[in-house]
>>> print(open('target27.txt').read())   # compact mmCIF, C-alpha atoms
# COMPACT_ATOMS: atom_id res chain seq x y z
CA MET A 17 133.82 76.75 109.59
CA LYS A 18 134.78 77.32 105.96
CA TYR A 19 132.50 78.78 103.30
CA ASP A 20 132.99 79.92 99.75
CA VAL A 21 131.21 83.18 100.55
CA VAL A 22 130.41 84.87 103.84
CA ILE A 23 127.76 87.61 103.65
CA ILE A 24 127.60 90.21 106.40
CA GLY A 25 124.00 91.37 106.80
CA ALA A 26 120.62 89.72 106.19
CA GLY A 27 118.65 92.60 104.71
CA PRO A 28 117.35 92.56 101.12
CA ALA A 29 120.90 92.96 99.76
CA GLY A 30 122.40 90.17 101.83
CA LEU A 31 119.54 87.72 101.29
CA SER A 32 119.47 88.43 97.56
CA ALA A 33 123.22 87.82 97.45
CA ALA A 34 122.71 84.52 99.26
CA VAL A 35 120.19 83.33 96.68
CA TYR A 36 122.45 84.20 93.75
CA ALA A 37 125.57 82.79 95.37
CA ARG A 38 123.82 79.48 96.10
CA ARG A 39 122.50 79.36 92.55
CA ALA A 40 126.12 79.68 91.45
CA GLY A 41 126.92 76.56 93.46
CA LEU A 42 128.78 78.28 96.30
CA SER A 43 128.54 77.44 99.99
CA VAL A 44 127.15 80.47 101.82
CA ALA A 45 126.89 81.80 105.36
CA VAL A 46 124.83 84.92 106.09
CA LEU A 47 125.66 86.66 109.37
CA GLU A 48 123.14 89.01 110.96
CA GLN A 49 123.41 90.76 114.33
CA ASN A 50 119.75 91.62 114.87
CA ILE A 51 116.89 90.30 112.75
CA TYR A 52 116.71 89.29 109.11
CA GLY A 53 115.09 91.79 106.78
CA GLY A 54 116.99 94.89 107.84
CA GLN A 55 115.14 98.21 107.88
CA ILE A 56 112.14 96.87 105.99
CA VAL A 57 110.81 95.03 109.04
CA ASN A 58 109.89 98.45 110.46
CA THR A 59 107.92 99.40 107.34
CA PRO A 60 104.17 98.83 107.73
CA GLU A 61 103.45 98.91 103.98
CA VAL A 62 105.61 98.24 100.94
CA GLU A 63 104.05 98.86 97.55
CA ASN A 64 107.01 99.77 95.31
CA TYR A 65 108.84 96.44 95.20
CA PRO A 66 108.19 94.90 91.76
CA GLY A 67 105.84 91.96 91.57
CA THR A 68 104.60 92.02 95.16
CA GLY A 69 101.76 94.53 94.95
CA LYS A 70 101.05 95.89 98.42
CA THR A 71 102.68 93.98 101.26
CA THR A 72 104.23 94.62 104.67
CA GLY A 73 107.89 94.88 105.45
CA VAL A 74 107.68 91.85 107.72
CA GLU A 75 106.01 89.75 105.01
CA LEU A 76 108.61 90.75 102.44
CA ALA A 77 111.43 90.06 104.89
CA MET A 78 109.98 86.60 105.61
CA ALA A 79 109.69 85.83 101.91
CA LEU A 80 113.30 86.90 101.29
CA TYR A 81 114.51 84.86 104.26
CA ASN A 82 112.59 81.74 103.23
CA GLN A 83 113.88 81.92 99.68
CA ALA A 84 117.48 82.25 100.83
CA ALA A 85 117.09 79.46 103.40
CA GLU A 86 115.47 77.13 100.87
CA THR A 87 118.49 77.47 98.58
CA GLY A 88 120.66 76.04 101.36
CA ALA A 89 122.31 79.19 102.70
CA ASP A 90 123.21 79.08 106.39
CA ILE A 91 121.65 82.16 108.02
CA LEU A 92 123.13 82.77 111.44
CA LEU A 93 122.12 85.33 114.07
CA GLU A 94 125.65 86.34 115.07
CA GLY A 95 127.14 89.81 115.25
CA VAL A 96 130.43 90.40 113.47
CA THR A 97 133.17 91.64 115.81
CA GLU A 98 136.28 91.50 113.61
CA VAL A 99 137.22 90.92 109.98
CA LYS A 100 140.48 90.06 108.23
CA LEU A 101 139.78 90.90 104.61
CA THR A 102 143.18 91.49 103.08
CA GLN A 103 144.34 87.89 103.54
CA ASP A 104 143.35 84.65 101.83
CA PRO A 105 141.34 82.91 103.01
CA LYS A 106 139.50 85.79 104.59
CA VAL A 107 138.36 85.52 108.18
CA VAL A 108 135.17 86.82 109.78
CA ILE A 109 134.95 86.60 113.57
CA THR A 110 131.55 86.79 115.26
CA THR A 111 129.98 86.53 118.69
CA GLY A 112 129.44 82.85 117.90
CA GLY A 113 132.60 81.72 116.18
CA GLU A 114 135.15 82.19 113.42
CA TYR A 115 134.52 81.70 109.72
CA GLU A 116 136.91 81.37 106.78
CA ALA A 117 135.75 82.53 103.38
CA GLY A 118 137.06 82.69 99.85
CA ALA A 119 135.06 85.87 99.26
CA VAL A 120 133.15 88.27 101.49
CA ILE A 121 130.09 90.36 100.64
CA ILE A 122 129.40 93.29 102.97
CA ALA A 123 125.68 94.07 103.10
CA ASN A 124 125.29 95.59 106.56
CA GLY A 125 123.10 98.50 105.42
CA ALA A 126 122.96 101.98 106.93
CA LYS A 127 120.81 103.48 109.66
CA ARG A 128 118.57 106.49 109.10
CA ARG A 129 119.46 109.32 111.45
CA HIS A 130 116.64 110.25 113.80
CA LEU A 131 115.71 113.64 115.24
CA GLY A 132 115.45 112.42 118.81
CA CYS A 133 112.37 114.53 119.51
CA LYS A 134 109.39 113.55 121.64
CA GLY A 135 106.90 111.31 119.83
CA GLU A 136 109.23 110.41 116.95
CA GLU A 137 109.67 106.75 117.86
CA GLU A 138 106.05 106.41 118.99
CA PHE A 139 104.71 107.46 115.58
CA SER A 140 107.35 105.74 113.44
CA GLY A 141 105.43 103.95 110.70
CA ARG A 142 102.25 105.82 111.66
CA GLY A 143 103.06 109.12 109.98
CA VAL A 144 106.75 109.45 110.78
CA SER A 145 108.78 108.21 107.83
CA TYR A 146 112.44 108.20 106.84
CA CYS A 147 111.87 107.61 103.13
CA ALA A 148 109.73 109.99 101.06
CA THR A 149 110.01 107.92 97.88
CA CYS A 150 108.81 104.87 99.83
CA ASP A 151 105.90 106.42 101.70
CA GLY A 152 105.03 109.71 100.02
CA ALA A 153 102.25 108.19 97.92
CA PHE A 154 100.34 107.24 101.08
CA PHE A 155 99.78 110.95 101.77
CA ARG A 156 98.64 112.10 98.35
CA GLY A 157 96.53 115.25 98.62
CA LYS A 158 97.42 115.84 102.28
CA GLU A 159 99.60 118.36 104.11
CA VAL A 160 102.95 116.99 105.23
CA SER A 161 106.25 118.22 106.62
CA ILE A 162 109.87 117.30 106.02
CA VAL A 163 112.98 118.01 108.06
CA GLY A 164 116.45 118.55 106.59
CA GLY A 165 118.56 120.85 104.49
CA GLY A 166 120.74 118.66 102.28
CA ASN A 167 120.15 117.33 98.78
CA THR A 168 118.02 114.44 100.01
CA ALA A 169 115.67 116.74 101.91
CA LEU A 170 115.39 119.12 98.94
CA GLU A 171 114.76 116.31 96.47
CA ASP A 172 112.23 114.74 98.81
CA ALA A 173 110.43 118.06 99.28
CA LEU A 174 110.04 118.42 95.51
CA PHE A 175 108.90 114.81 95.21
CA LEU A 176 106.32 115.25 97.96
CA ALA A 177 105.09 118.54 96.48
CA ASN A 178 104.02 116.64 93.38
CA ASN A 179 101.80 114.37 95.47
CA CYS A 180 100.77 116.37 98.52
CA SER A 181 98.64 119.50 98.78
CA LYS A 182 101.26 121.31 100.89
CA VAL A 183 104.79 120.56 102.07
CA THR A 184 106.43 122.41 104.95
CA LEU A 185 110.21 122.12 104.82
CA ILE A 186 111.84 122.65 108.22
CA HIS A 187 115.55 123.43 108.43
CA ARG A 188 117.57 124.27 111.51
CA ARG A 189 119.86 126.69 109.65
CA ASP A 190 119.23 129.89 107.68
CA GLN A 191 120.35 128.39 104.39
CA PHE A 192 120.34 124.98 102.76
CA ARG A 193 123.38 122.73 102.55
CA GLY A 194 122.16 121.15 99.31
CA SER A 195 122.92 122.23 95.76
CA LYS A 196 121.81 125.65 94.57
CA ILE A 197 119.76 124.30 91.70
CA LEU A 198 117.68 122.17 94.07
CA ALA A 199 117.36 124.97 96.62
CA ASP A 200 116.16 127.36 93.92
CA ALA A 201 113.59 124.84 92.72
CA VAL A 202 112.26 124.38 96.25
CA VAL A 203 112.02 128.12 96.91
CA VAL A 204 109.87 128.78 93.84
CA LYS A 205 107.59 125.76 94.29
CA GLU A 206 104.20 127.20 95.18
CA ASN A 207 103.05 124.51 97.59
CA ILE A 208 106.32 124.32 99.57
CA GLU A 209 106.62 126.52 102.65
CA ILE A 210 110.07 126.85 104.23
CA LEU A 211 110.69 127.35 107.94
CA TYR A 212 114.33 128.33 108.44
CA ASP A 213 116.13 128.34 111.81
CA SER A 214 113.55 125.90 113.12
CA THR A 215 113.45 122.51 114.81
CA VAL A 216 110.78 119.89 115.44
CA GLU A 217 110.26 119.57 119.19
CA GLU A 218 107.42 117.06 119.29
CA VAL A 219 105.29 114.82 117.10
CA CYS A 220 101.66 114.76 118.20
CA GLY A 221 98.58 112.71 117.40
CA GLY A 222 96.29 109.88 118.38
CA SER A 223 96.65 106.64 116.45
CA VAL A 224 98.52 108.50 113.68
CA VAL A 225 100.40 111.78 113.27
CA GLU A 226 98.10 114.80 113.45
CA SER A 227 100.51 117.67 114.09
CA ILE A 228 104.07 118.64 114.99
CA ARG A 229 105.33 121.27 117.42
CA VAL A 230 107.96 123.48 115.77
CA ARG A 231 110.25 125.96 117.52
CA ASN A 232 112.03 128.91 115.95
CA LYS A 233 115.61 128.86 117.29
CA LEU A 234 116.06 132.64 117.07
CA SER A 235 112.82 133.90 118.62
CA GLY A 236 112.02 130.85 120.73
CA GLU A 237 108.45 130.98 119.42
CA GLU A 238 106.65 127.65 119.13
CA LYS A 239 103.68 126.72 116.98
CA LEU A 240 101.62 123.62 116.31
CA LEU A 241 101.65 122.66 112.64
CA PRO A 242 98.77 120.42 111.51
CA VAL A 243 100.21 117.72 109.21
CA SER A 244 99.47 114.11 108.34
CA ALA A 245 103.10 113.06 108.12
CA LEU A 246 106.61 114.02 109.14
CA PHE A 247 109.41 112.93 106.80
CA VAL A 248 112.86 112.92 108.36
CA ALA A 249 115.70 113.50 105.88
CA VAL A 250 118.69 114.33 108.04
CA GLY A 251 121.00 111.74 106.54
CA LEU A 252 122.06 108.14 106.88
CA SER A 253 124.65 106.74 109.22
CA PRO A 254 126.73 103.84 107.84
CA GLU A 255 128.47 101.68 110.41
CA ASN A 256 131.64 100.71 108.60
CA SER A 257 134.36 101.41 111.16
CA LEU A 258 134.90 97.65 111.33
CA PHE A 259 136.19 97.69 107.74
CA GLU A 260 138.27 100.86 107.95
CA GLY A 261 141.81 100.37 106.66
CA GLN A 262 140.84 97.23 104.75
CA VAL A 263 138.40 98.66 102.19
CA GLU A 264 138.21 102.23 100.94
CA LEU A 265 135.58 104.39 102.64
CA SER A 266 134.14 107.69 101.46
CA GLU A 267 134.30 110.82 103.61
CA ALA A 268 130.78 110.05 104.78
CA GLY A 269 131.79 106.54 105.80
CA TYR A 270 130.25 104.55 102.95
CA ILE A 271 132.19 101.75 101.28
CA VAL A 272 133.43 103.03 97.93
CA ALA A 273 132.11 100.90 95.06
CA GLY A 274 130.39 101.40 91.73
CA GLU A 275 127.61 99.43 90.07
CA ASP A 276 129.92 96.39 89.84
CA CYS A 277 129.86 96.22 93.68
CA CYS A 278 133.64 95.63 93.81
CA THR A 279 135.51 97.21 96.70
CA SER A 280 139.15 98.27 96.80
CA CYS A 281 140.04 94.94 98.43
CA SER A 282 140.37 91.90 96.18
CA GLY A 283 137.68 89.32 96.86
CA VAL A 284 135.54 91.67 98.91
CA PHE A 285 132.27 92.95 97.49
CA VAL A 286 129.57 95.27 98.82
CA ALA A 287 125.81 95.49 98.32
CA GLY A 288 122.99 97.77 99.40
CA ASP A 289 122.79 100.96 101.42
CA THR A 290 126.27 100.62 102.87
CA ARG A 291 127.97 101.48 99.55
CA THR A 292 128.31 104.77 97.70
CA LYS A 293 125.22 105.12 95.50
CA GLU A 294 122.49 107.52 94.46
CA LEU A 295 119.30 105.61 95.28
CA ARG A 296 118.83 103.55 98.42
CA GLN A 297 115.69 101.44 98.02
CA ILE A 298 114.73 97.79 98.55
CA VAL A 299 114.88 97.11 94.82
CA THR A 300 118.37 98.60 94.43
CA ALA A 301 119.60 96.67 97.47
CA ALA A 302 118.31 93.41 96.02
CA ALA A 303 119.88 94.24 92.65
CA ASP A 304 123.21 94.95 94.36
CA GLY A 305 123.01 91.58 96.08
CA ALA A 306 122.64 89.80 92.75
CA VAL A 307 125.52 91.75 91.21
CA ALA A 308 127.82 91.25 94.20
CA ALA A 309 127.14 87.51 94.37
CA THR A 310 127.75 87.09 90.65
CA ALA A 311 131.01 89.02 90.96
CA ALA A 312 132.01 86.90 93.95
CA ALA A 313 131.31 83.69 92.03
CA ARG A 314 133.38 84.93 89.10
CA TRP A 315 136.20 85.84 91.49
CA MET A 316 136.10 82.41 93.11
CA ASP A 317 136.35 80.74 89.69
CA THR A 318 139.60 82.56 88.94
CA HIS A 319 141.32 82.34 92.35
>>> encode(input="target27.txt", output="structure tokens")
Amino acid sequence: MKYDVVIIGAGPAGLSAAVYARRAGLSVAVLEQNIYGGQIVNTPEVENYPGTGKTTGVELAMALYNQAAETGADILLEGVTEVKLTQDPKVVITTGGEYEAGAVIIANGAKRRHLGCKGEEEFSGRGVSYCATCDGAFFRGKEVSIVGGGNTALEDALFLANNCSKVTLIHRRDQFRGSKILADAVVVKENIEILYDSTVEEVCGGSVVESIRVRNKLSGEEKLLPVSALFVAVGLSPENSLFEGQVELSEAGYIVAGEDCCTSCSGVFVAGDTRTKELRQIVTAAADGAVAATAAARWMDTH
């Protein structure tokens, strides 16, 4: 099959790209390995996406899917196994077939790293969250905890401290990996308590999170910490090995691209969490999709 544009990933970035590419008059295939919507399908409530008010991740994913499908984009549940991006036309090979494309938009997202402790998966979406800026407002005035020691964890701790009565920051090392200016701000914040050399062993509760069991790595002492939420900020894990050697990747594995969403490979664009960027949110993913599709359409007009 031949398409003007093949989009890898059917999250907010990929579906937004599909809408804009179709509006530009391009034939479009969207390839998704799992389920359309990406990470948002696991989000019980979304209230920070403009114009939607309060909705669920599943409802927003369905709306994005329907809009892309109604424009005429072919959305296919096929996992990508191989890509040939440096040639023209470009080739994307999947579990279901082989597709030629004038341009390719990579929008495969990134996975949040999990702790792997007991109860984490059980309470995901019921007090366990991987995005403080997404879910912090739900716990205004309550005591919460956050795990991590990098810039994201430090920034999230400060963000949560402005909404929550108390924030306990748990870090497995004796010093933070994040920037000194953020670490200093966290240390002096009155309603942030820091537990160094500590790990979360278990998330406990009934229908929602009620407490976490924390262990000090040096003494072995364990204690039950009453909290309403556990925010996990131990990093993201992009899955871009498939594109290695064809597009430039950062040391952390993200596809290198600026706000223009252009990669190092001509005719290949990137959108959403999988690229190098500061803020990874639904709204920035959707914006990336629009930018990448517009850039792809412009590229197709000149090649």
>>> residues_around(input="target27.txt", residues="Asp304 of chain A", least_positions_apart="6", cutoff="7 Å", atoms="all atoms listed in the file", output="PyMOL selection string")
chain A and resi 29+277+287-288
>>> closest_atom_pairs(input="target27.txt", of="segment 82-171 of chain A", to="segment 180-194 of chain A", cutoff="6 Å", atoms="only C-alpha atoms", output="tab-separated table")
residue	atom	partner	partner_atom	distance
A:Arg156	CA	A:Cys180	CA	4.8
A:Gly157	CA	A:Cys180	CA	4.4
A:Lys158	CA	A:Cys180	CA	5.1
A:Glu159	CA	A:Lys182	CA	4.7
A:Val160	CA	A:Val183	CA	5.1
A:Ser161	CA	A:Thr184	CA	4.5
A:Ile162	CA	A:Leu185	CA	5.0
A:Val163	CA	A:Ile186	CA	4.8
A:Gly164	CA	A:His187	CA	5.3
A:Gly165	CA	A:Phe192	CA	4.8
A:Gly166	CA	A:Gly194	CA	4.1
A:Asn167	CA	A:Gly194	CA	4.3
>>> residues_around(input="target27.txt", residues="Ser235 of chain A", least_positions_apart="4", cutoff="12 Å", atoms="only C-alpha atoms", output="list in words")
Tyr212, Asp213, Ser214, Val230, Arg231 and Lys239 of chain A
>>> closest_residue(input="target27.txt", among="A:Leu176, A:Val202, A:Val248, A:Val108", to="Ser140 of chain A", atoms="all atoms listed in the file")
A:Val248
>>> closest_residue(input="target27.txt", among="A:Thr111, A:Thr72, A:Glu86, A:Cys281", to="Leu47 of chain A", atoms="only C-alpha atoms")
A:Thr111
>>> closest_residue(input="target27.txt", among="A:Ala313, A:Ala249, A:Cys133, A:Leu174", to="Val216 of chain A", atoms="only C-alpha atoms")
A:Cys133
>>> residues_around(input="target27.txt", residues="segment 219-221 of chain A", least_positions_apart="4", cutoff="7 Å", atoms="all atoms listed in the file", output="list in words")
Lys134, Gly135, Glu136, Val225, Glu226, Ser227, Ile228 and Arg229 of chain A
>>> residues_around(input="target27.txt", residues="Cys278 of chain A", least_positions_apart="3", cutoff="10 Å", atoms="only C-alpha atoms", output="PyMOL selection string")
chain A and resi 121+271-275+281-287+291+307-308+311-312
>>> closest_residue(input="target27.txt", among="A:Glu75, A:Glu267, A:Glu237, A:Glu94", to="Glu48 of chain A", atoms="only C-alpha atoms")
A:Glu94
>>> atom_distance(input="target27.txt", atom1="atom CA of Gln55 of chain A", atom2="atom CA of Gly118 of chain A")
28.0 Å
>>> residues_around(input="target27.txt", residues="Cys147 of chain A", least_positions_apart="5", cutoff="10 Å", atoms="all atoms listed in the file", output="list in words")
Arg128, Gly152, Thr168, Ala169, Asp172, Phe247, Val248, Ala249, Arg296 and Gln297 of chain A
>>> closest_residue(input="target27.txt", among="A:Gln83, A:Thr59, A:Lys100, A:Asn64", to="Gln262 of chain A", atoms="all atoms listed in the file")
A:Lys100
>>> atom_distance(input="target27.txt", atom1="atom CA of Asp20 of chain A", atom2="atom CA of Ala37 of chain A")
9.1 Å
>>> closest_residue(input="target27.txt", among="A:Ala77, A:Ala119, A:Leu211, A:Ala177", to="Thr279 of chain A", atoms="only C-alpha atoms")
A:Ala119
>>> atom_distance(input="target27.txt", atom1="atom CA of Glu61 of chain A", atom2="atom CA of Phe154 of chain A")
9.4 Å
